[in-house]
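Have a look at start_38.txt; it's compact mmCIF, N, CA and C atoms:
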```txt
# COMPACT_ATOMS: atom_id res chain seq x y z
N MET T 179 8.89 -43.55 -12.13
CA MET T 179 8.45 -42.46 -12.99
C MET T 179 7.51 -41.51 -12.23
N LYS T 180 6.63 -42.08 -11.38
CA LYS T 180 5.73 -41.24 -10.60
C LYS T 180 6.52 -40.32 -9.68
N ASN T 181 7.62 -40.83 -9.12
CA ASN T 181 8.42 -40.01 -8.21
C ASN T 181 9.05 -38.82 -8.95
N VAL T 182 9.48 -39.04 -10.18
CA VAL T 182 10.08 -37.95 -10.97
C VAL T 182 9.04 -36.87 -11.24
N ILE T 183 7.84 -37.26 -11.62
CA ILE T 183 6.76 -36.30 -11.88
C ILE T 183 6.38 -35.57 -10.60
N LEU T 184 6.30 -36.29 -9.50
CA LEU T 184 5.95 -35.69 -8.21
C LEU T 184 7.01 -34.68 -7.79
N ILE T 185 8.28 -35.03 -7.91
CA ILE T 185 9.36 -34.12 -7.54
C ILE T 185 9.38 -32.90 -8.46
N ALA T 186 9.18 -33.10 -9.76
CA ALA T 186 9.16 -31.97 -10.70
C ALA T 186 8.01 -31.02 -10.38
N THR T 187 6.85 -31.55 -10.05
CA THR T 187 5.70 -30.72 -9.68
C THR T 187 5.99 -29.94 -8.41
N PHE T 188 6.57 -30.58 -7.43
CA PHE T 188 6.92 -29.93 -6.17
C PHE T 188 7.91 -28.79 -6.40
N LEU T 189 8.94 -29.03 -7.20
CA LEU T 189 9.92 -27.98 -7.50
C LEU T 189 9.30 -26.81 -8.25
N LEU T 190 8.40 -27.10 -9.15
CA LEU T 190 7.71 -26.04 -9.89
C LEU T 190 6.89 -25.16 -8.94
N LEU T 191 6.22 -25.76 -7.99
CA LEU T 191 5.45 -25.00 -7.00
C LEU T 191 6.35 -24.12 -6.15
N ILE T 192 7.49 -24.64 -5.75
CA ILE T 192 8.43 -23.85 -4.95
C ILE T 192 8.94 -22.66 -5.75
N ILE T 193 9.29 -22.87 -6.99
CA ILE T 193 9.79 -21.79 -7.84
C ILE T 193 8.70 -20.74 -8.06
N ALA T 194 7.46 -21.18 -8.29
CA ALA T 194 6.36 -20.24 -8.53
C ALA T 194 6.07 -19.41 -7.29
N CYS T 195 6.17 -19.99 -6.10
CA CYS T 195 5.91 -19.26 -4.86
C CYS T 195 6.99 -18.24 -4.57
N GLY T 196 8.19 -18.49 -5.03
CA GLY T 196 9.31 -17.60 -4.77
C GLY T 196 9.46 -16.50 -5.80
N LYS T 197 8.53 -16.38 -6.71
CA LYS T 197 8.61 -15.38 -7.77
C LYS T 197 8.55 -13.97 -7.18
N GLU T 198 9.47 -13.11 -7.59
CA GLU T 198 9.52 -11.74 -7.09
C GLU T 198 8.49 -10.88 -7.79
N GLU T 199 7.93 -9.95 -7.03
CA GLU T 199 6.97 -9.02 -7.63
C GLU T 199 7.72 -8.02 -8.50
N THR T 200 7.13 -7.66 -9.62
CA THR T 200 7.75 -6.68 -10.52
C THR T 200 6.93 -5.39 -10.60
N THR T 201 5.77 -5.35 -9.95
CA THR T 201 4.94 -4.15 -9.96
C THR T 201 4.50 -3.82 -8.53
N GLN T 202 4.07 -2.58 -8.37
CA GLN T 202 3.55 -2.12 -7.09
C GLN T 202 2.32 -1.25 -7.33
N GLU T 203 1.40 -1.28 -6.38
CA GLU T 203 0.21 -0.43 -6.44
C GLU T 203 0.59 0.95 -5.90
N VAL T 204 0.38 1.98 -6.71
CA VAL T 204 0.75 3.35 -6.35
C VAL T 204 -0.52 4.19 -6.30
N LYS T 205 -0.72 4.86 -5.17
CA LYS T 205 -1.88 5.74 -5.01
C LYS T 205 -1.37 7.18 -4.84
N PHE T 206 -1.89 8.08 -5.67
CA PHE T 206 -1.64 9.51 -5.55
C PHE T 206 -2.85 10.13 -4.84
N ALA T 207 -2.62 11.06 -3.91
CA ALA T 207 -3.73 11.76 -3.26
C ALA T 207 -3.38 13.24 -3.12
N ILE T 208 -4.35 14.10 -3.45
CA ILE T 208 -4.22 15.55 -3.32
C ILE T 208 -5.36 16.03 -2.45
N THR T 209 -5.05 16.84 -1.44
CA THR T 209 -6.07 17.42 -0.58
C THR T 209 -5.86 18.93 -0.52
N GLY T 210 -6.93 19.69 -0.79
CA GLY T 210 -6.82 21.14 -0.73
C GLY T 210 -8.14 21.81 -1.04
N THR T 211 -8.11 23.13 -1.01
CA THR T 211 -9.26 23.95 -1.34
C THR T 211 -8.93 24.76 -2.59
N SER T 212 -9.88 24.84 -3.49
CA SER T 212 -9.69 25.54 -4.77
C SER T 212 -8.46 25.01 -5.51
N VAL T 213 -8.38 23.68 -5.63
CA VAL T 213 -7.30 23.05 -6.37
C VAL T 213 -7.52 23.35 -7.85
N THR T 214 -6.53 23.96 -8.48
CA THR T 214 -6.69 24.44 -9.85
C THR T 214 -5.95 23.60 -10.88
N GLU T 215 -5.01 22.76 -10.42
CA GLU T 215 -4.26 21.95 -11.38
C GLU T 215 -3.73 20.69 -10.68
N VAL T 216 -3.90 19.56 -11.35
CA VAL T 216 -3.32 18.30 -10.88
C VAL T 216 -2.77 17.57 -12.09
N LYS T 217 -1.48 17.27 -12.05
CA LYS T 217 -0.84 16.49 -13.11
C LYS T 217 0.00 15.41 -12.44
N PHE T 218 -0.02 14.21 -13.03
CA PHE T 218 0.90 13.19 -12.57
C PHE T 218 1.52 12.50 -13.76
N ASN T 219 2.79 12.16 -13.59
CA ASN T 219 3.56 11.53 -14.65
C ASN T 219 3.57 10.03 -14.38
N TYR T 220 3.05 9.28 -15.34
CA TYR T 220 2.97 7.83 -15.21
C TYR T 220 3.35 7.22 -16.55
N LYS T 221 4.37 6.37 -16.55
CA LYS T 221 4.88 5.72 -17.77
C LYS T 221 5.26 6.76 -18.82
N SER T 222 5.94 7.82 -18.35
CA SER T 222 6.43 8.91 -19.21
C SER T 222 5.31 9.62 -19.96
N SER T 223 4.14 9.65 -19.35
CA SER T 223 3.00 10.34 -19.94
C SER T 223 2.33 11.20 -18.86
N ILE T 224 2.18 12.49 -19.15
CA ILE T 224 1.55 13.40 -18.20
C ILE T 224 0.03 13.22 -18.25
N GLN T 225 -0.55 12.92 -17.09
CA GLN T 225 -2.01 12.76 -16.96
C GLN T 225 -2.54 13.96 -16.18
N THR T 226 -3.66 14.51 -16.60
CA THR T 226 -4.28 15.62 -15.88
C THR T 226 -5.69 15.21 -15.47
N ILE T 227 -6.22 15.89 -14.45
CA ILE T 227 -7.58 15.61 -14.02
C ILE T 227 -8.39 16.90 -14.07
N ASN T 228 -9.70 16.75 -14.01
CA ASN T 228 -10.59 17.92 -14.07
C ASN T 228 -10.47 18.74 -12.80
N THR T 229 -10.28 20.01 -12.95
CA THR T 229 -10.24 20.94 -11.84
C THR T 229 -11.13 22.11 -12.18
N PRO T 230 -11.54 22.96 -11.30
CA PRO T 230 -11.16 23.03 -9.89
C PRO T 230 -11.99 22.06 -9.03
N PHE T 231 -11.48 21.80 -7.84
CA PHE T 231 -12.22 21.01 -6.86
C PHE T 231 -11.76 21.36 -5.45
N ASP T 232 -12.57 21.02 -4.48
CA ASP T 232 -12.25 21.15 -3.06
C ASP T 232 -12.28 19.76 -2.46
N GLY T 233 -11.43 19.51 -1.49
CA GLY T 233 -11.43 18.22 -0.81
C GLY T 233 -10.26 17.37 -1.25
N THR T 234 -10.51 16.06 -1.34
CA THR T 234 -9.45 15.12 -1.70
C THR T 234 -9.76 14.41 -3.00
N TRP T 235 -8.76 14.31 -3.84
CA TRP T 235 -8.83 13.54 -5.08
C TRP T 235 -7.73 12.50 -5.00
N ASP T 236 -8.03 11.27 -5.44
CA ASP T 236 -6.97 10.27 -5.49
C ASP T 236 -7.20 9.33 -6.65
N THR T 237 -6.14 8.65 -7.04
CA THR T 237 -6.20 7.64 -8.07
C THR T 237 -5.14 6.59 -7.77
N THR T 238 -5.39 5.38 -8.20
CA THR T 238 -4.46 4.28 -7.98
C THR T 238 -4.05 3.69 -9.32
N ILE T 239 -2.76 3.45 -9.48
CA ILE T 239 -2.20 2.85 -10.68
C ILE T 239 -1.30 1.69 -10.29
N VAL T 240 -0.88 0.92 -11.25
CA VAL T 240 0.12 -0.12 -11.03
C VAL T 240 1.37 0.29 -11.78
N ALA T 241 2.49 0.40 -11.06
CA ALA T 241 3.75 0.84 -11.66
C ALA T 241 4.80 -0.25 -11.56
N ASN T 242 5.69 -0.28 -12.52
CA ASN T 242 6.80 -1.23 -12.49
C ASN T 242 7.81 -0.80 -11.44
N ILE T 243 8.44 -1.78 -10.78
CA ILE T 243 9.49 -1.47 -9.84
C ILE T 243 10.63 -0.79 -10.59
N GLY T 244 11.15 0.29 -10.02
CA GLY T 244 12.21 1.07 -10.66
C GLY T 244 11.69 2.23 -11.47
N GLU T 245 10.39 2.33 -11.63
CA GLU T 245 9.79 3.41 -12.41
C GLU T 245 9.64 4.66 -11.53
N THR T 246 9.99 5.83 -12.09
CA THR T 246 9.83 7.09 -11.37
C THR T 246 8.47 7.68 -11.72
N ILE T 247 7.76 8.10 -10.68
CA ILE T 247 6.45 8.71 -10.85
C ILE T 247 6.49 10.08 -10.18
N SER T 248 5.65 10.99 -10.64
CA SER T 248 5.65 12.33 -10.05
C SER T 248 4.24 12.90 -10.02
N LEU T 249 4.07 13.84 -9.12
CA LEU T 249 2.78 14.50 -8.91
C LEU T 249 3.06 16.00 -8.79
N ASP T 250 2.27 16.81 -9.48
CA ASP T 250 2.42 18.27 -9.46
C ASP T 250 1.03 18.86 -9.34
N SER T 251 0.82 19.70 -8.33
CA SER T 251 -0.51 20.25 -8.12
C SER T 251 -0.42 21.70 -7.63
N LYS T 252 -1.45 22.48 -7.97
CA LYS T 252 -1.53 23.88 -7.55
C LYS T 252 -2.92 24.17 -7.02
N ALA T 253 -2.99 25.14 -6.08
CA ALA T 253 -4.28 25.56 -5.52
C ALA T 253 -4.22 27.04 -5.18
N THR T 254 -5.39 27.64 -5.04
CA THR T 254 -5.46 29.06 -4.68
C THR T 254 -6.24 29.27 -3.39
N GLY T 255 -6.55 28.21 -2.68
CA GLY T 255 -7.37 28.34 -1.48
C GLY T 255 -6.68 27.99 -0.19
N GLY T 256 -5.38 28.19 -0.10
CA GLY T 256 -4.68 27.88 1.14
C GLY T 256 -3.88 26.60 1.04
N ALA T 257 -3.78 25.89 2.16
CA ALA T 257 -2.91 24.72 2.27
C ALA T 257 -3.24 23.65 1.23
N LEU T 258 -2.18 22.98 0.78
CA LEU T 258 -2.31 21.92 -0.22
C LEU T 258 -1.40 20.77 0.21
N LYS T 259 -1.92 19.54 0.12
CA LYS T 259 -1.14 18.37 0.53
C LYS T 259 -1.16 17.34 -0.58
N GLY T 260 0.03 16.81 -0.89
CA GLY T 260 0.16 15.73 -1.87
C GLY T 260 0.80 14.52 -1.22
N GLN T 261 0.27 13.34 -1.48
CA GLN T 261 0.78 12.11 -0.88
C GLN T 261 0.93 11.03 -1.94
N VAL T 262 1.91 10.13 -1.71
CA VAL T 262 2.09 8.95 -2.54
C VAL T 262 2.12 7.74 -1.61
N PHE T 263 1.28 6.75 -1.91
CA PHE T 263 1.23 5.51 -1.15
C PHE T 263 1.69 4.38 -2.06
N ILE T 264 2.53 3.48 -1.54
CA ILE T 264 2.94 2.29 -2.27
C ILE T 264 2.39 1.08 -1.51
N ASN T 265 1.58 0.29 -2.20
CA ASN T 265 0.94 -0.88 -1.58
C ASN T 265 0.27 -0.53 -0.26
N GLY T 266 -0.37 0.65 -0.20
CA GLY T 266 -1.12 1.06 0.97
C GLY T 266 -0.32 1.76 2.05
N THR T 267 0.99 1.91 1.87
CA THR T 267 1.84 2.56 2.87
C THR T 267 2.28 3.93 2.36
N LEU T 268 2.09 4.96 3.19
CA LEU T 268 2.52 6.31 2.83
C LEU T 268 4.05 6.33 2.71
N VAL T 269 4.56 6.72 1.54
CA VAL T 269 6.01 6.75 1.33
C VAL T 269 6.55 8.17 1.21
N THR T 270 5.72 9.10 0.80
CA THR T 270 6.17 10.49 0.73
C THR T 270 4.96 11.41 0.80
N GLU T 271 5.21 12.58 1.37
CA GLU T 271 4.14 13.58 1.52
C GLU T 271 4.78 14.95 1.46
N GLU T 272 4.10 15.86 0.78
CA GLU T 272 4.55 17.25 0.75
C GLU T 272 3.36 18.14 1.06
N ILE T 273 3.60 19.15 1.89
CA ILE T 273 2.55 20.09 2.28
C ILE T 273 3.04 21.50 2.03
N ASP T 274 2.21 22.29 1.35
CA ASP T 274 2.47 23.72 1.19
C ASP T 274 1.38 24.40 2.00
N ALA T 275 1.76 24.97 3.14
CA ALA T 275 0.80 25.57 4.06
C ALA T 275 0.53 27.05 3.76
N ASP T 276 1.01 27.55 2.62
CA ASP T 276 0.83 28.95 2.24
C ASP T 276 1.34 29.89 3.33
N THR T 277 2.56 29.65 3.78
CA THR T 277 3.13 30.46 4.86
C THR T 277 3.36 31.91 4.46
N ASP T 278 3.50 32.18 3.14
CA ASP T 278 3.70 33.57 2.73
C ASP T 278 2.38 34.33 2.59
N GLY T 279 1.24 33.61 2.70
CA GLY T 279 -0.07 34.25 2.71
C GLY T 279 -0.55 34.79 1.39
N ASP T 280 0.05 34.37 0.27
CA ASP T 280 -0.38 34.90 -1.02
C ASP T 280 -1.57 34.14 -1.61
N GLY T 281 -2.02 33.08 -0.93
CA GLY T 281 -3.18 32.32 -1.40
C GLY T 281 -2.85 31.32 -2.49
N LYS T 282 -1.58 31.22 -2.88
CA LYS T 282 -1.17 30.28 -3.93
C LYS T 282 -0.29 29.20 -3.31
N THR T 283 -0.62 27.95 -3.61
CA THR T 283 0.17 26.84 -3.11
C THR T 283 0.49 25.89 -4.25
N GLN T 284 1.63 25.21 -4.12
CA GLN T 284 2.03 24.23 -5.12
C GLN T 284 2.84 23.14 -4.43
N ILE T 285 2.61 21.90 -4.83
CA ILE T 285 3.41 20.79 -4.34
C ILE T 285 3.92 20.00 -5.53
N LYS T 286 5.14 19.47 -5.39
CA LYS T 286 5.73 18.60 -6.39
C LYS T 286 6.33 17.43 -5.65
N VAL T 287 5.87 16.23 -5.98
CA VAL T 287 6.33 15.02 -5.32
C VAL T 287 6.87 14.06 -6.39
N ASN T 288 8.08 13.55 -6.18
CA ASN T 288 8.68 12.55 -7.05
C ASN T 288 9.00 11.32 -6.23
N TRP T 289 8.83 10.14 -6.83
CA TRP T 289 9.12 8.90 -6.13
C TRP T 289 9.51 7.83 -7.14
N THR T 290 10.55 7.07 -6.81
CA THR T 290 10.94 5.93 -7.63
C THR T 290 10.55 4.66 -6.88
N THR T 291 9.75 3.81 -7.50
CA THR T 291 9.30 2.60 -6.83
C THR T 291 10.48 1.65 -6.66
N VAL T 292 10.59 1.07 -5.48
CA VAL T 292 11.66 0.12 -5.15
C VAL T 292 11.05 -1.07 -4.45
N LYS T 293 11.82 -2.14 -4.38
CA LYS T 293 11.34 -3.35 -3.70
C LYS T 293 11.17 -3.10 -2.24
```

As structure tokens, please, write out the structure in this file.
Amino acid sequence: MKNVILIATFLLLIIACGKEETTQEVKFAITGTSVTEVKFNYKSSIQTINTPFDGTWDTTIVANIGETISLDSKATGGALKGQVFINGTLVTEEIDADTDGDGKTQIKVNWTTVK
């Protein structure tokens, strides 16, 4: 009987260790001057942050694998950069360097979390 309990416990530990992750840590980052708008879509809900600001703003969320997330930002002070990190690794980046010189920049980044 002890052997059956020992084997069952061992198998349970193996199954628990092999469990697949179903979520990922997602970090949004915006860097720019005179950033006037930041919106990100998370769990089908648009989130906004207080603007204007200069420098870098970021936030970290936990998203389900297979979930699409997006970031939309605007600035009036030149170059604007938007980045998405998954579990600490940069997965996508968009830069609007204001090449037309009108002083207005916008970035839109979409990403679907995958294993």

Looking only at the backbone, which of the residues in region 184-292 of chain T does DSSP tag as helix (DSSP H, G or I), as a PDB file with N, CA and C atoms, keeping the file's coordinate frame?
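Printed below is part-v9.pdb as written:
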```pdb
ATOM      1  N   LEU T 184       6.300 -36.290  -9.500  1.00  0.00           N
ATOM      2  CA  LEU T 184       5.950 -35.690  -8.210  1.00  0.00           C
ATOM      3  C   LEU T 184       7.010 -34.680  -7.790  1.00  0.00           C
ATOM      4  N   ILE T 185       8.280 -35.030  -7.910  1.00  0.00           N
ATOM      5  CA  ILE T 185       9.360 -34.120  -7.540  1.00  0.00           C
ATOM      6  C   ILE T 185       9.380 -32.900  -8.460  1.00  0.00           C
ATOM      7  N   ALA T 186       9.180 -33.100  -9.760  1.00  0.00           N
ATOM      8  CA  ALA T 186       9.160 -31.970 -10.700  1.00  0.00           C
ATOM      9  C   ALA T 186       8.010 -31.020 -10.380  1.00  0.00           C
ATOM     10  N   THR T 187       6.850 -31.550 -10.050  1.00  0.00           N
ATOM     11  CA  THR T 187       5.700 -30.720  -9.680  1.00  0.00           C
ATOM     12  C   THR T 187       5.990 -29.940  -8.410  1.00  0.00           C
ATOM     13  N   PHE T 188       6.570 -30.580  -7.430  1.00  0.00           N
ATOM     14  CA  PHE T 188       6.920 -29.930  -6.170  1.00  0.00           C
ATOM     15  C   PHE T 188       7.910 -28.790  -6.400  1.00  0.00           C
ATOM     16  N   LEU T 189       8.940 -29.030  -7.200  1.00  0.00           N
ATOM     17  CA  LEU T 189       9.920 -27.980  -7.500  1.00  0.00           C
ATOM     18  C   LEU T 189       9.300 -26.810  -8.250  1.00  0.00           C
ATOM     19  N   LEU T 190       8.400 -27.100  -9.150  1.00  0.00           N
ATOM     20  CA  LEU T 190       7.710 -26.040  -9.890  1.00  0.00           C
ATOM     21  C   LEU T 190       6.890 -25.160  -8.940  1.00  0.00           C
ATOM     22  N   LEU T 191       6.220 -25.760  -7.990  1.00  0.00           N
ATOM     23  CA  LEU T 191       5.450 -25.000  -7.000  1.00  0.00           C
ATOM     24  C   LEU T 191       6.350 -24.120  -6.150  1.00  0.00           C
ATOM     25  N   ILE T 192       7.490 -24.640  -5.750  1.00  0.00           N
ATOM     26  CA  ILE T 192       8.430 -23.850  -4.950  1.00  0.00           C
ATOM     27  C   ILE T 192       8.940 -22.660  -5.750  1.00  0.00           C
ATOM     28  N   ILE T 193       9.290 -22.870  -6.990  1.00  0.00           N
ATOM     29  CA  ILE T 193       9.790 -21.790  -7.840  1.00  0.00           C
ATOM     30  C   ILE T 193       8.700 -20.740  -8.060  1.00  0.00           C
ATOM     31  N   ALA T 194       7.460 -21.180  -8.290  1.00  0.00           N
ATOM     32  CA  ALA T 194       6.360 -20.240  -8.530  1.00  0.00           C
ATOM     33  C   ALA T 194       6.070 -19.410  -7.290  1.00  0.00           C
ATOM     34  N   CYS T 195       6.170 -19.990  -6.100  1.00  0.00           N
ATOM     35  CA  CYS T 195       5.910 -19.260  -4.860  1.00  0.00           C
ATOM     36  C   CYS T 195       6.990 -18.240  -4.570  1.00  0.00           C
TER      37      CYS T 195
END
```

Residue among T:Leu268, T:Leu249, T:Ile273, T:Val262 lying closest to Lys286 (chain T), counting all atoms listed in the file: T:Leu249

CA of Gly256 (chain T) to atom C of Lys205 (chain T), distance in Å rounded to a single decimal: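 We find that CA of Gly256 (chain T) and atom C of Lys205 (chain T) lie 21.8 Å from each other.
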
Given only C-alpha atoms as the counted atoms, nearest of T:Asn219, T:Thr226, T:Thr209, T:Asn288 to Asp274 (chain T):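 Ranking T:Asn219, T:Thr226, T:Thr209, T:Asn288 by distance to Asp274 (chain T), first place goes to T:Thr209.
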
Sel. within 10 Å of pt (-2.4, 0.0, -9.4), counting only C-alpha atoms, output as a PyMOL selection string: chain T and resi 201-205+237-242+264-265

Take the selection from the previous step and output its residues with N, CA and C atoms, as a PDB file, in the coordinates of the input.
```pdb
ATOM      1  N   THR T 201       5.770  -5.350  -9.950  1.00  0.00           N
ATOM      2  CA  THR T 201       4.940  -4.150  -9.960  1.00  0.00           C
ATOM      3  C   THR T 201       4.500  -3.820  -8.530  1.00  0.00           C
ATOM      4  N   GLN T 202       4.070  -2.580  -8.370  1.00  0.00           N
ATOM      5  CA  GLN T 202       3.550  -2.120  -7.090  1.00  0.00           C
ATOM      6  C   GLN T 202       2.320  -1.250  -7.330  1.00  0.00           C
ATOM      7  N   GLU T 203       1.400  -1.280  -6.380  1.00  0.00           N
ATOM      8  CA  GLU T 203       0.210  -0.430  -6.440  1.00  0.00           C
ATOM      9  C   GLU T 203       0.590   0.950  -5.900  1.00  0.00           C
ATOM     10  N   VAL T 204       0.380   1.980  -6.710  1.00  0.00           N
ATOM     11  CA  VAL T 204       0.750   3.350  -6.350  1.00  0.00           C
ATOM     12  C   VAL T 204      -0.520   4.190  -6.300  1.00  0.00           C
ATOM     13  N   LYS T 205      -0.720   4.860  -5.170  1.00  0.00           N
ATOM     14  CA  LYS T 205      -1.880   5.740  -5.010  1.00  0.00           C
ATOM     15  C   LYS T 205      -1.370   7.180  -4.840  1.00  0.00           C
ATOM     16  N   THR T 237      -6.140   8.650  -7.040  1.00  0.00           N
ATOM     17  CA  THR T 237      -6.200   7.640  -8.070  1.00  0.00           C
ATOM     18  C   THR T 237      -5.140   6.590  -7.770  1.00  0.00           C
ATOM     19  N   THR T 238      -5.390   5.380  -8.200  1.00  0.00           N
ATOM     20  CA  THR T 238      -4.460   4.280  -7.980  1.00  0.00           C
ATOM     21  C   THR T 238      -4.050   3.690  -9.320  1.00  0.00           C
ATOM     22  N   ILE T 239      -2.760   3.450  -9.480  1.00  0.00           N
ATOM     23  CA  ILE T 239      -2.200   2.850 -10.680  1.00  0.00           C
ATOM     24  C   ILE T 239      -1.300   1.690 -10.290  1.00  0.00           C
ATOM     25  N   VAL T 240      -0.880   0.920 -11.250  1.00  0.00           N
ATOM     26  CA  VAL T 240       0.120  -0.120 -11.030  1.00  0.00           C
ATOM     27  C   VAL T 240       1.370   0.290 -11.780  1.00  0.00           C
ATOM     28  N   ALA T 241       2.490   0.400 -11.060  1.00  0.00           N
ATOM     29  CA  ALA T 241       3.750   0.840 -11.660  1.00  0.00           C
ATOM     30  C   ALA T 241       4.800  -0.250 -11.560  1.00  0.00           C
ATOM     31  N   ASN T 242       5.690  -0.280 -12.520  1.00  0.00           N
ATOM     32  CA  ASN T 242       6.800  -1.230 -12.490  1.00  0.00           C
ATOM     33  C   ASN T 242       7.810  -0.800 -11.440  1.00  0.00           C
ATOM     34  N   ILE T 264       2.530   3.480  -1.540  1.00  0.00           N
ATOM     35  CA  ILE T 264       2.940   2.290  -2.270  1.00  0.00           C
ATOM     36  C   ILE T 264       2.390   1.080  -1.510  1.00  0.00           C
ATOM     37  N   ASN T 265       1.580   0.290  -2.200  1.00  0.00           N
ATOM     38  CA  ASN T 265       0.940  -0.880  -1.580  1.00  0.00           C
ATOM     39  C   ASN T 265       0.270  -0.530  -0.260  1.00  0.00           C
TER      40      ASN T 265
END
```

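For the atom pair formed by CA of Ile227 (chain T) and CA of Gly255 (chain T), the distance is 17.9 Å, given to one decimal.
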
Among the residues T:Asp278, T:Trp289, T:Thr200, T:Phe218, the one that comes closest to Ser251 (chain T) [using only N, CA and C atoms]: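 Looking at the shortest contact to Ser251 (chain T), the residue is T:Phe218.
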
Sel. within 6 Å of pt (-5.6, 17.5, 2.9), counting all atoms listed in the file, output as a ChimeraX atom specification: /T:208-210,258-259

May I have the residues from that selection written out with N, CA and C atoms, as a PDB file, in the coordinates of the input?
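Generated output (out_19.pdb):
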```pdb
ATOM      1  N   ILE T 208      -4.350  14.100  -3.450  1.00  0.00           N
ATOM      2  CA  ILE T 208      -4.220  15.550  -3.320  1.00  0.00           C
ATOM      3  C   ILE T 208      -5.360  16.030  -2.450  1.00  0.00           C
ATOM      4  N   THR T 209      -5.050  16.840  -1.440  1.00  0.00           N
ATOM      5  CA  THR T 209      -6.070  17.420  -0.580  1.00  0.00           C
ATOM      6  C   THR T 209      -5.860  18.930  -0.520  1.00  0.00           C
ATOM      7  N   GLY T 210      -6.930  19.690  -0.790  1.00  0.00           N
ATOM      8  CA  GLY T 210      -6.820  21.140  -0.730  1.00  0.00           C
ATOM      9  C   GLY T 210      -8.140  21.810  -1.040  1.00  0.00           C
ATOM     10  N   LEU T 258      -2.180  22.980   0.780  1.00  0.00           N
ATOM     11  CA  LEU T 258      -2.310  21.920  -0.220  1.00  0.00           C
ATOM     12  C   LEU T 258      -1.400  20.770   0.210  1.00  0.00           C
ATOM     13  N   LYS T 259      -1.920  19.540   0.120  1.00  0.00           N
ATOM     14  CA  LYS T 259      -1.140  18.370   0.530  1.00  0.00           C
ATOM     15  C   LYS T 259      -1.160  17.340  -0.580  1.00  0.00           C
TER      16      LYS T 259
END
```

CA of Ser223 (chain T) to CA of Gln284 (chain T), straight-line distance in Å: 20.3 Å

Residues of chain T in strand (DSSP E or B), written as a ChimeraX atom specification: /T:201-220,223-226,231-242,246-253,258-264,267-274,283-290

Best match for closeness to Val292 (chain T) among T:Gly233, T:Thr267, T:Ile243, T:Thr214, counting only N, CA and C atoms: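 Looking only at the distances to Val292 (chain T), the closest residue turns out to be T:Ile243.
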
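You can rank T:Val213, T:Tyr220, T:Asp280, T:Gly266 by their closest distance to Ser248 (chain T) using all atoms listed in the file, and at the top of that list sits T:Tyr220.
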
If I wrap all listed atoms of region 228-246 of chain T in a box with edges along x, y and z and add 5 Å on each side, what are its centre and edge lengths in Å to one decimal, as AutoDock Vina command-line options?
```
--center_x -0.2 --center_y 10.6 --center_z -7.4 --size_x 34.8 --size_y 34.8 --size_z 23.3
```

Which of T:Ala275, T:Glu215, T:Thr291, T:Ala207 sits closest to Thr229 (chain T) [using only C-alpha atoms]: T:Glu215

Contact residues around Gln261 (chain T) with all atoms listed in the file at 5 Å, ignoring same-chain residues under 3 positions, as an MDAnalysis selection string: chainID T and resid 206:207 270:271
